[in-house]
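Have a look at input17.cif; it's mmCIF, C-alpha atoms:
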data_start
loop_
_atom_site.group_PDB
_atom_site.id
_atom_site.type_symbol
_atom_site.label_atom_id
_atom_site.label_comp_id
_atom_site.auth_asym_id
_atom_site.auth_seq_id
_atom_site.Cartn_x
_atom_site.Cartn_y
_atom_site.Cartn_z
ATOM 1 C CA MET A 1 -117.729 -196.651 -30.141
ATOM 2 C CA ALA A 2 -115.037 -194.801 -28.179
ATOM 3 C CA LYS A 3 -112.572 -192.665 -30.119
ATOM 4 C CA LYS A 4 -109.116 -194.179 -30.600
ATOM 5 C CA TYR A 5 -105.818 -192.551 -31.494
ATOM 6 C CA TYR A 6 -103.293 -194.537 -33.503
ATOM 7 C CA ALA A 7 -99.656 -193.793 -32.721
ATOM 8 C CA VAL A 8 -96.827 -194.679 -35.093
ATOM 9 C CA LYS A 9 -93.405 -194.758 -33.436
ATOM 10 C CA LYS A 10 -91.654 -196.353 -36.396
ATOM 11 C CA GLY A 11 -93.158 -196.162 -39.875
ATOM 12 C CA ARG A 12 -93.257 -194.111 -43.054
ATOM 13 C CA ARG A 13 -94.263 -190.988 -41.083
ATOM 14 C CA PRO A 14 -94.214 -191.272 -37.284
ATOM 15 C CA GLY A 15 -97.023 -189.412 -35.566
ATOM 16 C CA VAL A 16 -100.571 -189.709 -34.267
ATOM 17 C CA TYR A 17 -103.430 -190.633 -36.593
ATOM 18 C CA GLY A 18 -107.185 -190.445 -36.046
ATOM 19 C CA THR A 19 -108.158 -193.497 -38.085
ATOM 20 C CA TRP A 20 -106.835 -197.015 -38.509
ATOM 21 C CA ASP A 21 -106.794 -196.542 -42.306
ATOM 22 C CA ALA A 22 -104.456 -193.546 -42.007
ATOM 23 C CA CYS A 23 -102.224 -195.416 -39.551
ATOM 24 C CA LYS A 24 -102.164 -198.541 -41.719
ATOM 25 C CA LYS A 25 -100.786 -196.543 -44.680
ATOM 26 C CA MET A 26 -97.814 -195.550 -42.517
ATOM 27 C CA VAL A 27 -96.982 -199.067 -41.257
ATOM 28 C CA ASP A 28 -98.241 -201.617 -43.796
ATOM 29 C CA GLY A 29 -95.201 -203.284 -45.354
ATOM 30 C CA PHE A 30 -92.778 -201.086 -43.392
ATOM 31 C CA PRO A 31 -89.947 -203.224 -41.939
ATOM 32 C CA GLY A 32 -89.993 -203.239 -38.125
ATOM 33 C CA ALA A 33 -93.001 -200.923 -37.878
ATOM 34 C CA GLN A 34 -94.032 -199.971 -34.334
ATOM 35 C CA TYR A 35 -97.574 -198.749 -33.725
ATOM 36 C CA LYS A 36 -100.346 -198.998 -31.173
ATOM 37 C CA SER A 37 -103.828 -197.587 -30.448
ATOM 38 C CA PHE A 38 -104.662 -195.498 -27.381
ATOM 39 C CA PRO A 39 -107.849 -194.101 -25.856
ATOM 40 C CA THR A 40 -106.330 -190.625 -25.323
ATOM 41 C CA LEU A 41 -104.369 -188.197 -27.489
ATOM 42 C CA GLU A 42 -101.796 -187.665 -24.736
ATOM 43 C CA GLU A 43 -100.941 -191.380 -24.469
ATOM 44 C CA ALA A 44 -100.682 -191.670 -28.252
ATOM 45 C CA GLN A 45 -98.376 -188.629 -28.452
ATOM 46 C CA ALA A 46 -96.181 -190.017 -25.687
ATOM 47 C CA PHE A 47 -95.816 -193.366 -27.492
ATOM 48 C CA ALA A 48 -95.138 -191.726 -30.875
ATOM 49 C CA GLY A 49 -92.512 -189.470 -29.310
ATOM 50 C CA ALA A 50 -94.313 -186.191 -30.030
ATOM 51 C CA SER A 51 -92.262 -183.076 -29.439
ATOM 52 C CA ARG A 52 -92.555 -181.155 -26.173
ATOM 53 C CA GLU A 53 -94.585 -178.470 -27.982
ATOM 54 C CA GLU A 54 -97.111 -181.026 -29.184
ATOM 55 C CA LYS A 55 -97.490 -182.492 -25.688
ATOM 56 C CA LYS A 56 -98.630 -179.249 -24.043
ATOM 57 C CA PRO A 57 -101.864 -179.809 -22.139
ATOM 58 C CA VAL A 58 -104.720 -180.127 -24.593
ATOM 59 C CA SER A 59 -108.265 -179.465 -23.396
ATOM 60 C CA GLU A 60 -111.001 -181.950 -24.266
ATOM 61 C CA SER A 61 -112.089 -179.493 -26.985
ATOM 62 C CA TYR A 62 -109.467 -178.736 -29.594
ATOM 63 C CA ALA A 63 -109.168 -177.436 -33.129
ATOM 64 C CA PHE A 64 -106.592 -177.631 -35.888
ATOM 65 C CA VAL A 65 -106.562 -174.655 -38.278
ATOM 66 C CA ASP A 66 -104.564 -173.641 -41.345
ATOM 67 C CA GLY A 67 -104.664 -171.166 -44.218
ATOM 68 C CA SER A 68 -103.925 -171.177 -47.937
ATOM 69 C CA PHE A 69 -103.735 -168.651 -50.775
ATOM 70 C CA ASN A 70 -104.457 -168.989 -54.471
ATOM 71 C CA ALA A 71 -102.087 -166.547 -56.212
ATOM 72 C CA SER A 72 -103.870 -166.842 -59.560
ATOM 73 C CA THR A 73 -107.305 -165.826 -58.199
ATOM 74 C CA GLY A 74 -106.396 -163.775 -55.111
ATOM 75 C CA VAL A 75 -108.584 -166.039 -52.950
ATOM 76 C CA TYR A 76 -107.482 -166.918 -49.413
ATOM 77 C CA GLY A 77 -109.003 -169.900 -47.692
ATOM 78 C CA TYR A 78 -109.066 -171.526 -44.298
ATOM 79 C CA GLY A 79 -109.620 -175.070 -43.244
ATOM 80 C CA GLY A 80 -109.618 -177.177 -40.148
ATOM 81 C CA PHE A 81 -111.834 -178.911 -37.687
ATOM 82 C CA LEU A 82 -112.970 -178.664 -34.098
ATOM 83 C CA VAL A 83 -113.466 -181.712 -31.883
ATOM 84 C CA ALA A 84 -115.755 -181.333 -28.869
ATOM 85 C CA ASN A 85 -117.728 -183.881 -26.859
ATOM 86 C CA GLY A 86 -116.642 -186.608 -29.255
ATOM 87 C CA GLU A 87 -118.027 -184.759 -32.296
ATOM 88 C CA ARG A 88 -115.964 -183.387 -35.167
ATOM 89 C CA HIS A 89 -116.988 -180.111 -36.830
ATOM 90 C CA VAL A 90 -115.340 -179.178 -40.151
ATOM 91 C CA LEU A 91 -114.279 -175.533 -40.499
ATOM 92 C CA GLN A 92 -113.836 -174.182 -44.009
ATOM 93 C CA GLY A 93 -114.263 -170.925 -45.876
ATOM 94 C CA ALA A 94 -112.700 -168.429 -48.271
ATOM 95 C CA GLY A 95 -112.566 -164.744 -49.065
ATOM 96 C CA LYS A 96 -111.179 -162.243 -51.541
ATOM 97 C CA GLU A 97 -111.201 -158.917 -49.661
ATOM 98 C CA PRO A 98 -108.119 -157.019 -51.001
ATOM 99 C CA ASP A 99 -106.605 -155.942 -47.660
ATOM 100 C CA MET A 100 -106.888 -159.481 -46.303
ATOM 101 C CA ALA A 101 -105.717 -161.009 -49.606
ATOM 102 C CA SER A 102 -102.496 -158.983 -49.345
ATOM 103 C CA MET A 103 -101.685 -161.145 -46.296
ATOM 104 C CA ARG A 104 -101.904 -164.223 -48.546
ATOM 105 C CA ASN A 105 -102.253 -167.530 -46.602
ATOM 106 C CA VAL A 106 -101.959 -165.695 -43.247
ATOM 107 C CA ALA A 107 -105.440 -164.266 -43.912
ATOM 108 C CA GLY A 108 -106.759 -167.821 -44.008
ATOM 109 C CA GLU A 109 -104.860 -168.752 -40.837
ATOM 110 C CA VAL A 110 -106.474 -165.839 -38.958
ATOM 111 C CA LEU A 111 -109.972 -166.566 -40.278
ATOM 112 C CA GLY A 112 -109.594 -170.270 -39.483
ATOM 113 C CA SER A 113 -108.682 -169.530 -35.896
ATOM 114 C CA MET A 114 -111.626 -167.133 -35.579
ATOM 115 C CA ALA A 115 -113.952 -169.745 -37.112
ATOM 116 C CA ALA A 116 -112.811 -172.269 -34.490
ATOM 117 C CA MET A 117 -113.493 -169.780 -31.688
ATOM 118 C CA GLU A 118 -116.908 -168.858 -33.131
ATOM 119 C CA LYS A 119 -117.850 -172.539 -33.365
ATOM 120 C CA ALA A 120 -116.696 -173.135 -29.771
ATOM 121 C CA VAL A 121 -118.793 -170.205 -28.526
ATOM 122 C CA SER A 122 -121.851 -171.368 -30.504
ATOM 123 C CA LEU A 123 -121.469 -174.846 -28.951
ATOM 124 C CA GLY A 124 -121.299 -173.311 -25.477
ATOM 125 C CA LEU A 125 -117.774 -174.583 -24.784
ATOM 126 C CA SER A 126 -115.762 -173.036 -21.952
ATOM 127 C CA ASP A 127 -112.293 -174.206 -23.084
ATOM 128 C CA LEU A 128 -110.611 -174.591 -26.457
ATOM 129 C CA THR A 129 -107.095 -175.517 -27.530
ATOM 130 C CA ILE A 130 -106.154 -174.199 -30.963
ATOM 131 C CA CYS A 131 -103.395 -176.110 -32.765
ATOM 132 C CA TYR A 132 -101.714 -173.980 -35.423
ATOM 133 C CA ASP A 133 -98.505 -173.838 -37.443
ATOM 134 C CA TYR A 134 -98.104 -170.053 -37.893
ATOM 135 C CA MET A 135 -96.954 -168.149 -34.788
ATOM 136 C CA GLY A 136 -99.107 -165.086 -35.499
ATOM 137 C CA ILE A 137 -102.235 -167.048 -34.573
ATOM 138 C CA GLU A 138 -101.182 -166.995 -30.929
ATOM 139 C CA MET A 139 -99.157 -163.776 -30.909
ATOM 140 C CA TRP A 140 -101.870 -161.537 -32.406
ATOM 141 C CA ALA A 141 -104.572 -163.142 -30.244
ATOM 142 C CA THR A 142 -102.640 -162.478 -27.037
ATOM 143 C CA GLY A 143 -101.431 -159.035 -28.098
ATOM 144 C CA ALA A 144 -97.755 -160.085 -28.084
ATOM 145 C CA TRP A 145 -97.383 -158.955 -31.712
ATOM 146 C CA LYS A 146 -98.333 -155.515 -33.026
ATOM 147 C CA ARG A 147 -101.477 -155.502 -35.117
ATOM 148 C CA ASN A 148 -101.186 -153.152 -38.080
ATOM 149 C CA ARG A 149 -103.590 -154.746 -40.592
ATOM 150 C CA LYS A 150 -107.366 -154.637 -40.598
ATOM 151 C CA GLY A 151 -107.531 -158.436 -40.334
ATOM 152 C CA THR A 152 -105.140 -158.752 -37.391
ATOM 153 C CA ILE A 153 -106.863 -155.886 -35.529
ATOM 154 C CA ALA A 154 -110.283 -157.532 -36.030
ATOM 155 C CA TYR A 155 -108.830 -160.857 -34.866
ATOM 156 C CA TYR A 156 -107.440 -159.404 -31.638
ATOM 157 C CA ASP A 157 -110.677 -157.480 -30.990
ATOM 158 C CA TYR A 158 -112.727 -160.649 -31.461
ATOM 159 C CA VAL A 159 -110.531 -162.603 -29.020
ATOM 160 C CA GLN A 160 -110.971 -159.806 -26.460
ATOM 161 C CA SER A 161 -114.751 -159.893 -26.929
ATOM 162 C CA ILE A 162 -115.005 -163.614 -26.070
ATOM 163 C CA LYS A 163 -112.227 -164.092 -23.507
ATOM 164 C CA ASP A 164 -114.673 -164.010 -20.586
ATOM 165 C CA ARG A 165 -116.677 -166.863 -22.166
ATOM 166 C CA LEU A 166 -113.955 -169.016 -23.730
ATOM 167 C CA ASN A 167 -110.656 -170.010 -22.136
ATOM 168 C CA LEU A 168 -108.150 -170.314 -24.981
ATOM 169 C CA GLN A 169 -104.930 -172.300 -25.152
ATOM 170 C CA PHE A 170 -102.610 -172.322 -28.142
ATOM 171 C CA VAL A 171 -100.337 -175.157 -29.246
ATOM 172 C CA LYS A 172 -97.864 -174.671 -32.091
ATOM 173 C CA VAL A 173 -97.270 -177.719 -34.255
ATOM 174 C CA LYS A 174 -94.685 -178.030 -36.980
ATOM 175 C CA GLY A 175 -96.321 -177.625 -40.389
ATOM 176 C CA HIS A 176 -95.982 -180.310 -43.061
ATOM 177 C CA SER A 177 -94.354 -182.717 -40.622
ATOM 178 C CA GLY A 178 -96.887 -185.536 -40.560
ATOM 179 C CA VAL A 179 -99.079 -184.230 -37.697
ATOM 180 C CA GLU A 180 -102.367 -185.608 -38.983
ATOM 181 C CA GLY A 181 -104.611 -182.796 -37.714
ATOM 182 C CA ASN A 182 -102.374 -180.179 -39.305
ATOM 183 C CA GLU A 183 -102.210 -182.079 -42.594
ATOM 184 C CA GLU A 184 -106.016 -182.324 -42.679
ATOM 185 C CA ALA A 185 -106.405 -178.591 -41.917
ATOM 186 C CA ASP A 186 -103.938 -177.783 -44.708
ATOM 187 C CA ARG A 187 -105.860 -179.957 -47.180
ATOM 188 C CA LEU A 188 -109.176 -178.272 -46.291
ATOM 189 C CA ALA A 189 -107.611 -174.788 -46.538
ATOM 190 C CA ARG A 190 -106.132 -175.537 -49.965
ATOM 191 C CA GLN A 191 -109.507 -176.863 -51.109
ATOM 192 C CA ALA A 192 -111.270 -173.718 -49.854
ATOM 193 C CA ALA A 193 -108.807 -171.460 -51.693
ATOM 194 C CA GLY A 194 -109.119 -173.489 -54.894
ATOM 195 C CA VAL A 195 -105.484 -174.592 -54.847
ATOM 196 C CA ASP A 196 -104.786 -177.956 -56.597
#
In structure tokens, write the structure found in this file.
Amino acid sequence: MAKKYYAVKKGRRPGVYGTWDACKKMVDGFPGAQYKSFPTLEEAQAFAGASREEKKPVSESYAFVDGSFNASTGVYGYGGFLVANGERHVLQGAGKEPDMASMRNVAGEVLGSMAAMEKAVSLGLSDLTICYDYMGIEMWATGAWKRNRKGTIAYYDYVQSIKDRLNLQFVKVKGHSGVEGNEEADRLARQAAGVD
């Protein structure tokens, strides 16, 4: 069955959802709800009124990534997923290395982005769009921000090592704003870090 995207223009939380169940929760019983399904992400975003940032060109292969930090254990975690050729690959992991842990949830953000790139390379993809909510993910990867931590240096170096094999695009989405992919990445990152 072909993938569908469910767009909510008017509902509890307008946005684009990957399943009918998720969409239904936003519109069921909501007065004057407006929603519709679409075969492409771009059409769904246009109907839902996605922001200009969220409508940037998205390659067929894309990933949502996020990070979390458990202050009581010092564990940072990452979560997200990569969609390529109609298949969804969950990305999740955690660490406790002190230098990285001092970056708190940003450590998870960086590792999540790297995990998405590693998965794309292992799948033999040539293009990947990474959707993120923390600006450093793009800025450290492109070299626009100074890298003065072990983790950010390793991140930049890794991006440089794969740039001839993987064409990267970055799309910033607003965190905790109902963008389903971002919400899912956040949930997986929190789970990985043992938060909640």
Report the residues retrieved by the PyMOL selection byres ((chain A and resi 107-111) around 7) from the displayed file, expressed as a CSV table (one decimal) with C-alpha atoms, in the coordinates of the input.
chain,number,residue,atom,x,y,z
A,65,VAL,CA,-106.6,-174.7,-38.3
A,66,ASP,CA,-104.6,-173.6,-41.3
A,67,GLY,CA,-104.7,-171.2,-44.2
A,68,SER,CA,-103.9,-171.2,-47.9
A,76,TYR,CA,-107.5,-166.9,-49.4
A,77,GLY,CA,-109.0,-169.9,-47.7
A,78,TYR,CA,-109.1,-171.5,-44.3
A,100,MET,CA,-106.9,-159.5,-46.3
A,101,ALA,CA,-105.7,-161.0,-49.6
A,103,MET,CA,-101.7,-161.1,-46.3
A,104,ARG,CA,-101.9,-164.2,-48.5
A,105,ASN,CA,-102.3,-167.5,-46.6
A,106,VAL,CA,-102.0,-165.7,-43.2
A,112,GLY,CA,-109.6,-170.3,-39.5
A,113,SER,CA,-108.7,-169.5,-35.9
A,114,MET,CA,-111.6,-167.1,-35.6
A,115,ALA,CA,-114.0,-169.7,-37.1
A,137,ILE,CA,-102.2,-167.0,-34.6
A,155,TYR,CA,-108.8,-160.9,-34.9
So, with only C-alpha atoms as the atoms that count, which of A:Gly143, A:Ala33, A:Lys24, A:Ala154 lies closest to Gly11 of chain A? A:Ala33
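Take atom CA of Thr142 of chain A and atom CA of Asn167 of chain A: the distance between them is 12.0 Å.
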Among the residues A:Lys4, A:Arg12, A:Arg149, A:Arg187, the one that comes closest to Leu91 of chain A [using all atoms listed in the file]: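 Looking at the shortest contact to Leu91 of chain A, the residue is A:Arg187.
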Counting only C-alpha atoms, which residues come within 10 Å of (-96.6, -177.8, -42.3), with the point read in the file's coordinates, and could you list them as a list in words?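 Answer for this query, in the requested form: Asp66, Tyr132, Asp133, Tyr134, Val173, Lys174, Gly175, His176, Ser177, Gly178, Val179, Asn182, Glu183, Ala185 and Asp186 of chain A.
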Using all atoms listed in the file, which residue out of A:Gly80, A:Gly32, A:Gly151, A:Pro14 lies closest to Met117 of chain A?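 When distances to Met117 of chain A are compared using all atoms listed in the file, the smallest one comes from A:Gly80.
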Name the closest residue to Gly194 of chain A among the candidates A:Ser102, A:Ser61, A:Gln92, A:Thr19; distances are taken between atoms, counting all atoms listed in the file.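 Nearest to Gly194 of chain A: A:Gln92.
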A:His89, A:Lys10, A:Leu41, A:Arg190 ranked by distance to Gly29 of chain A, top pick (using only C-alpha atoms):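 Among the listed residues, A:Lys10 lies closest to Gly29 of chain A.
The nearest approach to Lys119 of chain A among the residues A:Met139, A:Ala48, A:Leu166, A:Ala71, with all atoms listed in the file taken into account, belongs to A:Leu166.
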I'd like the residues picked by the PyMOL selection byres ((chain A and resi 124) around 12) written out as a list of chain:residue names, using the chain letters and numbers from the file.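 Taken over the shown coordinates, the PyMOL selection byres ((chain A and resi 124) around 12) returns A:Ser61, A:Ala84, A:Asn85, A:Met117, A:Glu118, A:Lys119, A:Ala120, A:Val121, A:Ser122, A:Leu123, A:Leu125, A:Ser126, A:Asp127, A:Leu128, A:Ile162, A:Arg165, A:Leu166, A:Asn167.
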So that all listed atoms of segment 191-196 of chain A fit with 5 Å spare on each side, what axis-aligned box centre and edge lengths in Å, to one decimal, would you give as lines of an AutoDock Vina configuration file?
center_x = -108.0
center_y = -174.7
center_z = -53.2
size_x = 16.5
size_y = 16.5
size_z = 16.7
Rounded to one decimal, what separation in Å do you get between atom CA of Glu43 of chain A and atom CA of Glu87 of chain A?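 Atom CA of Glu43 of chain A sits 19.9 Å away from atom CA of Glu87 of chain A.
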Would you mind reading off the distance between atom CA of Val90 of chain A and atom CA of Asp21 of chain A, one decimal, in Å? 19.5 Å
Using all atoms listed in the file, determine which residues lie at most 10 Å from Ser37 of chain A, disregarding the query and same-chain residues fewer than 6 positions distant; provide the list as a ChimeraX atom specification. /A:4-8,16-20,23,43-44,47
Given the PyMOL selection byres ((chain A and resi 75) around 7) and the file above, list the residues it selects as a compact mmCIF listing (two decimals) with C-alpha atoms, in the coordinates of the input.
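This went into part_2.txt:
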# COMPACT_ATOMS: atom_id res chain seq x y z
CA PHE A 69 -103.74 -168.65 -50.78
CA ASN A 70 -104.46 -168.99 -54.47
CA THR A 73 -107.30 -165.83 -58.20
CA GLY A 74 -106.40 -163.78 -55.11
CA TYR A 76 -107.48 -166.92 -49.41
CA GLY A 77 -109.00 -169.90 -47.69
CA ALA A 94 -112.70 -168.43 -48.27
CA GLY A 95 -112.57 -164.74 -49.06
CA LYS A 96 -111.18 -162.24 -51.54
CA ALA A 101 -105.72 -161.01 -49.61
CA ALA A 193 -108.81 -171.46 -51.69
